[in-house]
Amino acid sequence: MTKHFFNRREAIVTEALDGLLRTTPPGRLARLDSYPDIKVVIRADWDRRRVAVVSGGGAGHEPSHAGFVGRGMLTAAVSGEIFASPSVEAVLTAIRAVTGEPGCLLIVKNYTGDRLNFGLAAERARAEGFKVEMVIVADDIALPDLPQPRGIAGTLFVHKIAGHHAEAGEDLAGVAAAAKAAAHDIASLGVSLSSCSIPGQPFTERLGENEGELGLGIHGEPGVERIAVQPADALVALMEQHLAPKLAPKLAADAAYALIINNLGAVPPLEMSLIADSVLRSPLGANVKLVIGPAALMTALNMNGFSLSFLKLDASREAALTSAVEPLAWRPAIAASPVAVVPAPAAPHAAAPPSSADPTAEAVIRTACTTLIGLEPELNRLDAKAGDGDTGSTVATGARAVEGKLASLPLADTAATLAAIGETLATAMGGSSGVLLSIFFTATAKATAEGRDLPAALLAGLDRMTFYGGATPGARTMVDALDPGLKALAASGIADAAAAAGAGAEATKAMIHARAGRAAYVAARDLEGSPDPGAVAVAAVFAALATRG
């Protein structure tokens with residue numbers, strides 16, 4: 001049985017954040033008055049004259065992320081519940097709270113929920129007039145064949161480097177470029193002797209008494225392989241076998257490195273110091289110039305493990321990593337202080353455009369919605385082969401929600417109509433598909449408002465959706481039909497678009513290795529001969545629109 005200190009399960013995160021604020025020097029940190037649904041910690045001294053650097057994610061990784069808010073690092077941190085991404089509204093609130101004319105950089109670990117929620121928040125913020133860029137960190141090398149590696153403790157390098165450049169007064173392009181370049185040059189790997197337990201939830205240890213795991217994530221995910229418990233030197237040598245090939249092509253074997261030695265939560269300080277000694281005595285330590293840790297920097301609750309993160313150094317990165325910073329995670333304990341609370345910025349309440357008529361637009365939307373609603377049983381049947389059998393219901397729910405708002409839509413204003421559809425789908429349509437389609441329509445609306453014709457604007461929406469979602473043609477998703485369909489629409493019209501989308505959907509029958517969505521976890525034998533339900537839905541809409549002319 002695993003025991004934890006807490007009062008009420010639902011208040012763990014908010015009370016922990018207030019504990020951080022109470023033990024930080026006065027005048028440095030504050031939180032927005034939006035508890036408990038929106039949990040944002042910000043710099044109390046922030047004046048919006050420089051680029052804001054915002055990060056966040058699920059709780060359970062303390063001191064990440066709120067512990068790194070302060071001069072020289074993050075401007076704000078957005079927290080979700082334990083191991084759960086913060087909502088789109090929470091991220092958007094944080095952007096509004098700290099972003100001035102210089103703009104804002106979002107630093108996001110490469111998990112689907114974080115990418116989508118931060119991504120949609122970025123798009124909505126851009127629509128409100130904010131300058132926002134986003135860098136995605138994918139530093140975990142444990143799964144070499146995974147097209148989208150996880151973001152783990154190497155993210156801290158990006159926090160520090162981006163914060164340094166922002167504090168120096170660089171513009172958004174410069175801060176983003178430094179952060180993206182650093183993210184590209186990071187390799188991380190973890191090892192643990194136990195899984196983690198979540199307060200208030202039953203816990204069963206999956207590892208045997210003499211077992212450990214190599215290459216596990218920071219949310220308690222199983223490791224890439226189970227290994228025998230062995231001396232620290234032997235564990236470090238095993239990690240070297242996996243890291244060394246990455247240090248050569250990804251970073252450069254003869255480079256100087258910065259190294260983060262990260263405690264995943266429950267390794268005693270005595271053992272962490274011993275691990276540091278083992279690493280720095282090993283071949284992995286031969287080219288290490290800067291060491292950060294050993295310390296608990298990005299934890300996985302009470303996981304009994306550690307991770308190593310390497311970053312290729314140059315003069316600029318060395319200066320950024322060694323510059324003085326203020327955040328609590330890099331400072332000794334201090335006297336307690338009251339919690340500083342500041343008002344959260346009010347959400348803008350721009351008047352919604354009045355409803356207006358456009359028979360053609362109404363017919364197009366109604367045709368699409370009717371088609372998708374009619375496909376509900378078939379899409380659920382197809383999804384049952386590779387997922388949880390709810391694609392049809394999810395899509396139909398979104399279609400019914402849009403259809404129900406037809407009378408109130410500003411149909412004569414294409415951009416406003418697209419924006420309203422995006423907002424409706426974000427609220428009414430569940431799952432990742434709802435966020436993806438909301439991103440698609442929101443970005444399309446923005447491109448339309450900027451003067452692009454509809455086919456070009458739709459392609460701009462597709463670009464944003466694939467950027468945040470990560471799927472490209474060939475990944476066995478709706479993009480396999482949407483991409484060729486929209487390109488054909490822009491080139492030659494709806495008839496060719498329907499044909500191209502149909503061919504794209506048909507091609508997914510032969511794609512037995514999905515690279516995105518739940519199908520990525522399904523065996524090839526269960527996918528072969530069955531089309532992707534999202535692609536089928538897209539192709540059906542194109543076909544229906546082509547038929548009506």
# chains A, B, ... in the order shown; residues from 1 in each chain; ligands from 1
call {"tool": "closest_atom_pairs", "arguments": {"of": "region 413-528 of chain A", "to": "region 80-104 of chain A", "cutoff": "12 Å", "atoms": "only C-alpha atoms", "output": "CSV"}}
result
residue,atom,partner,partner_atom,distance
A:Glu423,CA,A:Val88,CA,11.6
A:Ala426,CA,A:Val88,CA,9.3
A:Thr427,CA,A:Val88,CA,10.6
A:Val435,CA,A:Val88,CA,9.4
A:Ser438,CA,A:Val88,CA,11.4
A:Ile439,CA,A:Val88,CA,11.2
call {"tool": "write_last_selection", "arguments": {"atoms": "N, CA and C atoms", "output": "CSV table (one decimal), in the first residue's frame"}}
result
chain,number,residue,atom,x,y,z
A,423,GLU,N,-15.6,27.4,-33.0
A,423,GLU,CA,-15.9,27.5,-31.6
A,423,GLU,C,-16.9,26.5,-31.2
A,426,ALA,N,-15.2,23.0,-30.8
A,426,ALA,CA,-14.4,23.0,-29.7
A,426,ALA,C,-15.2,22.7,-28.4
A,427,THR,N,-16.4,23.2,-28.4
A,427,THR,CA,-17.3,23.0,-27.2
A,427,THR,C,-18.1,21.7,-27.2
A,435,VAL,N,-11.0,19.0,-31.2
A,435,VAL,CA,-10.0,20.0,-31.1
A,435,VAL,C,-9.3,20.2,-32.5
A,438,SER,N,-11.6,22.0,-34.7
A,438,SER,CA,-11.8,23.4,-34.3
A,438,SER,C,-10.6,24.2,-34.7
A,439,ILE,N,-9.4,23.6,-34.6
A,439,ILE,CA,-8.2,24.3,-35.1
A,439,ILE,C,-8.3,24.6,-36.5
call {"tool": "residues_around", "arguments": {"residues": "Gly67 (chain A)", "least_positions_apart": "3", "cutoff": "8 Å", "atoms": "only C-alpha atoms", "output": "short mmCIF file (atom, residue, chain, number, x, y, z; two decimals) with C-alpha atoms, in the first residue's frame"}}
result
data_model
loop_
_atom_site.label_atom_id
_atom_site.label_comp_id
_atom_site.auth_asym_id
_atom_site.auth_seq_id
_atom_site.Cartn_x
_atom_site.Cartn_y
_atom_site.Cartn_z
CA LEU A 20 4.79 27.20 -3.53
CA GLU A 62 7.02 19.45 -9.55
CA PRO A 63 8.91 21.73 -9.43
CA SER A 64 7.99 21.85 -13.12
CA PRO A 327 12.88 30.95 -9.81
CA LEU A 328 12.39 28.87 -6.69
CA ALA A 329 13.59 25.64 -8.32
#
call {"tool": "residues_around", "arguments": {"residues": "region 441-448 of chain A", "least_positions_apart": "2", "cutoff": "9 Å", "atoms": "only C-alpha atoms", "output": "JSON, numbers by chain"}}
result
{"A": [120, 123, 124, 126, 127, 414, 415, 416, 417, 418, 419, 420, 421, 422, 423, 425, 436, 437, 438, 439, 450, 451, 452, 453, 454, 456, 457, 458, 459, 460, 461, 462, 463, 464, 465]}
call {"tool": "residues_around", "arguments": {"residues": "region 488-504 of chain A", "least_positions_apart": "5", "cutoff": "8 Å", "atoms": "only C-alpha atoms", "output": "VMD selection string"}}
result
chain A and resid 455 to 456 480 to 483 535 to 536 538 to 540 542 to 543 545 to 546 549
call {"tool": "closest_residue", "arguments": {"among": "A:Arg8, A:His219, A:His242, A:Lys131", "to": "Val51 (chain A)", "atoms": "only C-alpha atoms"}}
result
A:Lys131
call {"tool": "closest_residue", "arguments": {"among": "A:Pro348, A:Gly220, A:Gly534, A:Gly431", "to": "Leu372 (chain A)", "atoms": "only C-alpha atoms"}}
result
A:Gly534
call {"tool": "closest_residue", "arguments": {"among": "A:Gly56, A:Gly265, A:Gly129, A:Gly169", "to": "Asp114 (chain A)", "atoms": "only C-alpha atoms"}}
result
A:Gly56
call {"tool": "select_by_dssp", "arguments": {"residues": "region 292-511 of chain A", "states": "helix (DSSP H, G or I)", "output": "PyMOL selection string"}}
result
chain A and resi 315-322+328-330+359-374+376-383+391-404+406-408+414-428+431-449+454-469+479-492+494-510
call {"tool": "write_last_selection", "arguments": {"atoms": "C-alpha atoms", "output": "compact mmCIF listing (two decimals), in the first residue's frame"}}
result
# COMPACT_ATOMS: atom_id res chain seq x y z
CA ALA A 315 28.89 30.10 -26.60
CA SER A 316 25.35 31.48 -26.70
CA ARG A 317 23.80 28.47 -24.97
CA GLU A 318 26.52 28.38 -22.35
CA ALA A 319 25.86 32.04 -21.54
CA ALA A 320 22.11 31.39 -21.35
CA LEU A 321 22.45 28.37 -19.07
CA THR A 322 24.89 30.06 -16.69
CA LEU A 328 12.39 28.87 -6.69
CA ALA A 329 13.59 25.64 -8.32
CA TRP A 330 17.07 27.18 -8.56
CA PRO A 359 -28.62 30.28 -49.25
CA THR A 360 -25.50 28.80 -50.83
CA ALA A 361 -23.51 28.74 -47.59
CA GLU A 362 -26.48 27.32 -45.70
CA ALA A 363 -26.92 24.54 -48.28
CA VAL A 364 -23.23 23.60 -48.10
CA ILE A 365 -23.22 23.43 -44.31
CA ARG A 366 -26.52 21.56 -44.15
CA THR A 367 -25.33 19.04 -46.74
CA ALA A 368 -22.13 18.39 -44.81
CA CYS A 369 -23.95 18.01 -41.49
CA THR A 370 -26.65 15.72 -42.91
CA THR A 371 -24.01 13.54 -44.51
CA LEU A 372 -22.01 13.16 -41.31
CA ILE A 373 -25.07 12.47 -39.17
CA GLY A 374 -26.15 9.75 -41.61
CA GLU A 376 -22.82 7.64 -37.65
CA PRO A 377 -23.43 3.84 -37.60
CA GLU A 378 -20.93 3.11 -40.38
CA LEU A 379 -18.16 5.24 -38.88
CA ASN A 380 -18.70 3.64 -35.46
CA ARG A 381 -18.43 0.21 -37.10
CA LEU A 382 -15.17 1.11 -38.80
CA ASP A 383 -13.73 2.70 -35.66
CA THR A 391 -15.91 8.12 -34.24
CA GLY A 392 -19.36 8.19 -35.82
CA SER A 393 -21.04 9.37 -32.63
CA THR A 394 -18.36 12.02 -32.05
CA VAL A 395 -18.60 13.36 -35.60
CA ALA A 396 -22.40 13.27 -35.57
CA THR A 397 -22.49 15.18 -32.28
CA GLY A 398 -20.38 17.94 -33.80
CA ALA A 399 -22.51 18.00 -36.96
CA ARG A 400 -25.75 18.23 -34.97
CA ALA A 401 -24.32 21.08 -32.91
CA VAL A 402 -23.40 23.05 -36.05
CA GLU A 403 -26.73 22.26 -37.71
CA GLY A 404 -28.54 23.45 -34.61
CA LEU A 406 -27.52 27.43 -38.58
CA ALA A 407 -30.26 29.95 -37.92
CA SER A 408 -27.93 32.09 -35.77
CA THR A 414 -17.67 33.67 -44.41
CA ALA A 415 -14.86 34.34 -41.94
CA ALA A 416 -17.25 34.86 -39.04
CA THR A 417 -19.20 31.72 -39.96
CA LEU A 418 -16.04 29.61 -40.04
CA ALA A 419 -14.94 31.02 -36.70
CA ALA A 420 -18.33 30.22 -35.18
CA ILE A 421 -18.16 26.64 -36.48
CA GLY A 422 -14.68 26.26 -34.97
CA GLU A 423 -15.91 27.53 -31.61
CA THR A 424 -18.94 25.23 -31.72
CA LEU A 425 -16.84 22.14 -32.46
CA ALA A 426 -14.38 22.97 -29.66
CA THR A 427 -17.28 23.01 -27.20
CA ALA A 428 -19.61 20.31 -28.49
CA GLY A 431 -11.94 13.87 -28.28
CA SER A 432 -8.91 14.94 -30.23
CA SER A 433 -10.96 15.13 -33.43
CA GLY A 434 -13.06 17.96 -31.98
CA VAL A 435 -9.97 20.01 -31.12
CA LEU A 436 -8.35 19.23 -34.49
CA LEU A 437 -11.40 20.33 -36.46
CA SER A 438 -11.77 23.40 -34.26
CA ILE A 439 -8.16 24.31 -35.05
CA PHE A 440 -8.90 23.72 -38.75
CA PHE A 441 -11.94 26.02 -38.88
CA THR A 442 -10.42 28.64 -36.56
CA ALA A 443 -7.28 28.94 -38.69
CA THR A 444 -9.36 28.90 -41.90
CA ALA A 445 -11.44 31.76 -40.53
CA LYS A 446 -8.33 33.79 -39.78
CA ALA A 447 -6.93 33.22 -43.28
CA THR A 448 -10.28 34.20 -44.81
CA ALA A 449 -10.41 37.40 -42.75
CA LEU A 454 -11.82 30.03 -49.52
CA PRO A 455 -9.77 27.20 -51.11
CA ALA A 456 -6.52 28.88 -50.04
CA ALA A 457 -7.91 29.58 -46.57
CA LEU A 458 -8.95 25.94 -46.18
CA LEU A 459 -5.41 24.86 -47.03
CA ALA A 460 -4.11 27.29 -44.41
CA GLY A 461 -6.45 25.65 -41.88
CA LEU A 462 -5.16 22.23 -42.89
CA ASP A 463 -1.59 23.41 -42.37
CA ARG A 464 -2.34 24.50 -38.79
CA MET A 465 -4.27 21.32 -38.04
CA THR A 466 -1.45 19.06 -39.23
CA PHE A 467 1.15 21.15 -37.39
CA TYR A 468 -0.57 20.82 -34.03
CA GLY A 469 -1.94 17.32 -34.56
CA VAL A 479 -5.72 14.01 -43.40
CA ASP A 480 -5.29 11.27 -46.02
CA ALA A 481 -8.57 12.41 -47.57
CA LEU A 482 -8.57 16.06 -46.51
CA ASP A 483 -5.14 16.93 -47.91
CA PRO A 484 -5.65 15.69 -51.50
CA GLY A 485 -9.26 16.87 -51.47
CA LEU A 486 -8.44 20.46 -50.53
CA LYS A 487 -5.49 20.62 -52.93
CA ALA A 488 -7.69 19.42 -55.78
CA LEU A 489 -10.39 21.90 -54.76
CA ALA A 490 -7.90 24.77 -55.00
CA ALA A 491 -6.60 23.54 -58.35
CA SER A 492 -9.69 22.49 -60.26
CA ILE A 494 -15.28 20.30 -56.27
CA ALA A 495 -15.65 17.36 -58.67
CA ASP A 496 -11.92 16.67 -58.73
CA ALA A 497 -11.78 17.33 -55.00
CA ALA A 498 -14.37 14.61 -54.37
CA ALA A 499 -12.44 12.17 -56.53
CA ALA A 500 -9.15 12.95 -54.82
CA ALA A 501 -10.63 12.70 -51.32
CA GLY A 502 -12.29 9.40 -52.19
CA ALA A 503 -9.02 8.00 -53.51
CA GLY A 504 -7.25 9.17 -50.38
CA ALA A 505 -9.78 7.45 -48.12
CA GLU A 506 -9.59 4.26 -50.18
CA ALA A 507 -5.80 4.27 -49.88
CA THR A 508 -6.02 4.03 -46.09
CA LYS A 509 -7.23 0.42 -46.50
CA ALA A 510 -3.68 -0.54 -47.39
call {"tool": "residues_around", "arguments": {"residues": "Val291 (chain A)", "least_positions_apart": "3", "cutoff": "7 Å", "atoms": "only C-alpha atoms", "output": "VMD selection string"}}
result
chain A and resid 258 to 260
call {"tool": "select_by_dssp", "arguments": {"residues": "region 281-413 of chain A", "states": "strand (DSSP E)", "output": "PyMOL selection string"}}
result
chain A and resi 288-295+305-312+341-342
call {"tool": "residues_around", "arguments": {"residues": "Ala166 (chain A)", "least_positions_apart": "5", "cutoff": "12 Å", "atoms": "only C-alpha atoms", "output": "PyMOL selection string"}}
result
chain A and resi 48-54+70-75+102-105+158-161+171-179+320
call {"tool": "atom_distance", "arguments": {"atom1": "CA of Ala344 (chain A)", "atom2": "CA of Ala76 (chain A)"}}
result
12.6 Å
call {"tool": "atom_distance", "arguments": {"atom1": "CA of Asn304 (chain A)", "atom2": "CA of Glu240 (chain A)"}}
result
19.7 Å
call {"tool": "atom_distance", "arguments": {"atom1": "CA of Gly212 (chain A)", "atom2": "CA of Phe310 (chain A)"}}
result
22.3 Å
call {"tool": "residues_around", "arguments": {"residues": "Met239 (chain A)", "least_positions_apart": "6", "cutoff": "9 Å", "atoms": "only C-alpha atoms", "output": "list in words"}}
result
Leu189, Gly190, Val191, Leu214, Gly215 and Leu308 of chain A
call {"tool": "decode", "arguments": {"residues": "region 48-114 of chain A", "atoms": "C-alpha atoms", "output": "CSV table (one decimal), in the first residue's frame"}}
result
chain,number,residue,atom,x,y,z
A,48,ARG,CA,4.8,43.0,-20.7
A,49,ARG,CA,7.7,45.0,-22.1
A,50,ARG,CA,9.5,41.9,-23.2
A,51,VAL,CA,8.6,38.6,-24.9
A,52,ALA,CA,6.6,36.4,-22.5
A,53,VAL,CA,7.7,32.8,-22.2
A,54,VAL,CA,4.8,30.4,-21.1
A,55,SER,CA,4.9,26.7,-20.5
A,56,GLY,CA,2.9,24.2,-18.5
A,57,GLY,CA,1.3,20.8,-18.5
A,58,GLY,CA,-0.2,18.3,-16.0
A,59,ALA,CA,0.7,18.6,-12.3
A,60,GLY,CA,2.8,15.8,-10.8
A,61,HIS,CA,6.1,17.0,-12.3
A,62,GLU,CA,7.0,19.4,-9.6
A,63,PRO,CA,8.9,21.7,-9.4
A,64,SER,CA,8.0,21.9,-13.1
A,65,HIS,CA,6.4,24.0,-14.2
A,66,ALA,CA,5.4,26.7,-11.7
A,67,GLY,CA,8.7,26.4,-9.9
A,68,PHE,CA,10.5,27.8,-12.9
A,69,VAL,CA,8.4,31.0,-13.1
A,70,GLY,CA,10.6,34.1,-12.5
A,71,ARG,CA,13.1,36.5,-13.9
A,72,GLY,CA,15.3,34.7,-16.4
A,73,MET,CA,13.0,31.8,-17.1
A,74,LEU,CA,9.2,31.4,-17.5
A,75,THR,CA,6.8,34.3,-17.4
A,76,ALA,CA,3.9,32.1,-16.6
A,77,ALA,CA,3.1,28.4,-16.0
A,78,VAL,CA,-0.3,26.8,-16.7
A,79,SER,CA,-1.1,23.7,-14.6
A,80,GLY,CA,-3.6,20.9,-15.3
A,81,GLU,CA,-4.7,18.3,-12.9
A,82,ILE,CA,-2.2,15.4,-12.2
A,83,PHE,CA,-0.8,14.1,-15.5
A,84,ALA,CA,-3.6,16.0,-17.4
A,85,SER,CA,-3.0,18.8,-19.9
A,86,PRO,CA,-4.4,22.2,-18.9
A,87,SER,CA,-7.5,23.2,-20.9
A,88,VAL,CA,-7.4,25.5,-23.9
A,89,GLU,CA,-9.2,28.2,-21.9
A,90,ALA,CA,-6.5,28.0,-19.2
A,91,VAL,CA,-3.7,28.4,-21.7
A,92,LEU,CA,-5.5,31.2,-23.4
A,93,THR,CA,-6.0,33.0,-20.1
A,94,ALA,CA,-2.3,32.7,-19.3
A,95,ILE,CA,-1.4,34.2,-22.7
A,96,ARG,CA,-3.8,37.1,-22.2
A,97,ALA,CA,-2.4,37.7,-18.7
A,98,VAL,CA,1.2,38.2,-19.7
A,99,THR,CA,1.4,39.0,-23.4
A,100,GLY,CA,2.2,42.5,-24.6
A,101,GLU,CA,3.2,44.0,-27.9
A,102,PRO,CA,6.5,41.9,-28.1
A,103,GLY,CA,4.5,38.7,-28.1
A,104,CYS,CA,4.6,35.3,-26.4
A,105,LEU,CA,6.4,32.0,-26.9
A,106,LEU,CA,4.7,28.8,-25.8
A,107,ILE,CA,7.0,25.9,-24.8
A,108,VAL,CA,5.2,22.5,-25.1
A,109,LYS,CA,6.2,19.0,-24.4
A,110,ASN,CA,5.3,16.6,-27.2
A,111,TYR,CA,2.2,14.9,-25.9
A,112,THR,CA,-1.0,15.0,-27.9
A,113,GLY,CA,-3.1,16.8,-25.3
A,114,ASP,CA,-0.5,19.5,-24.7
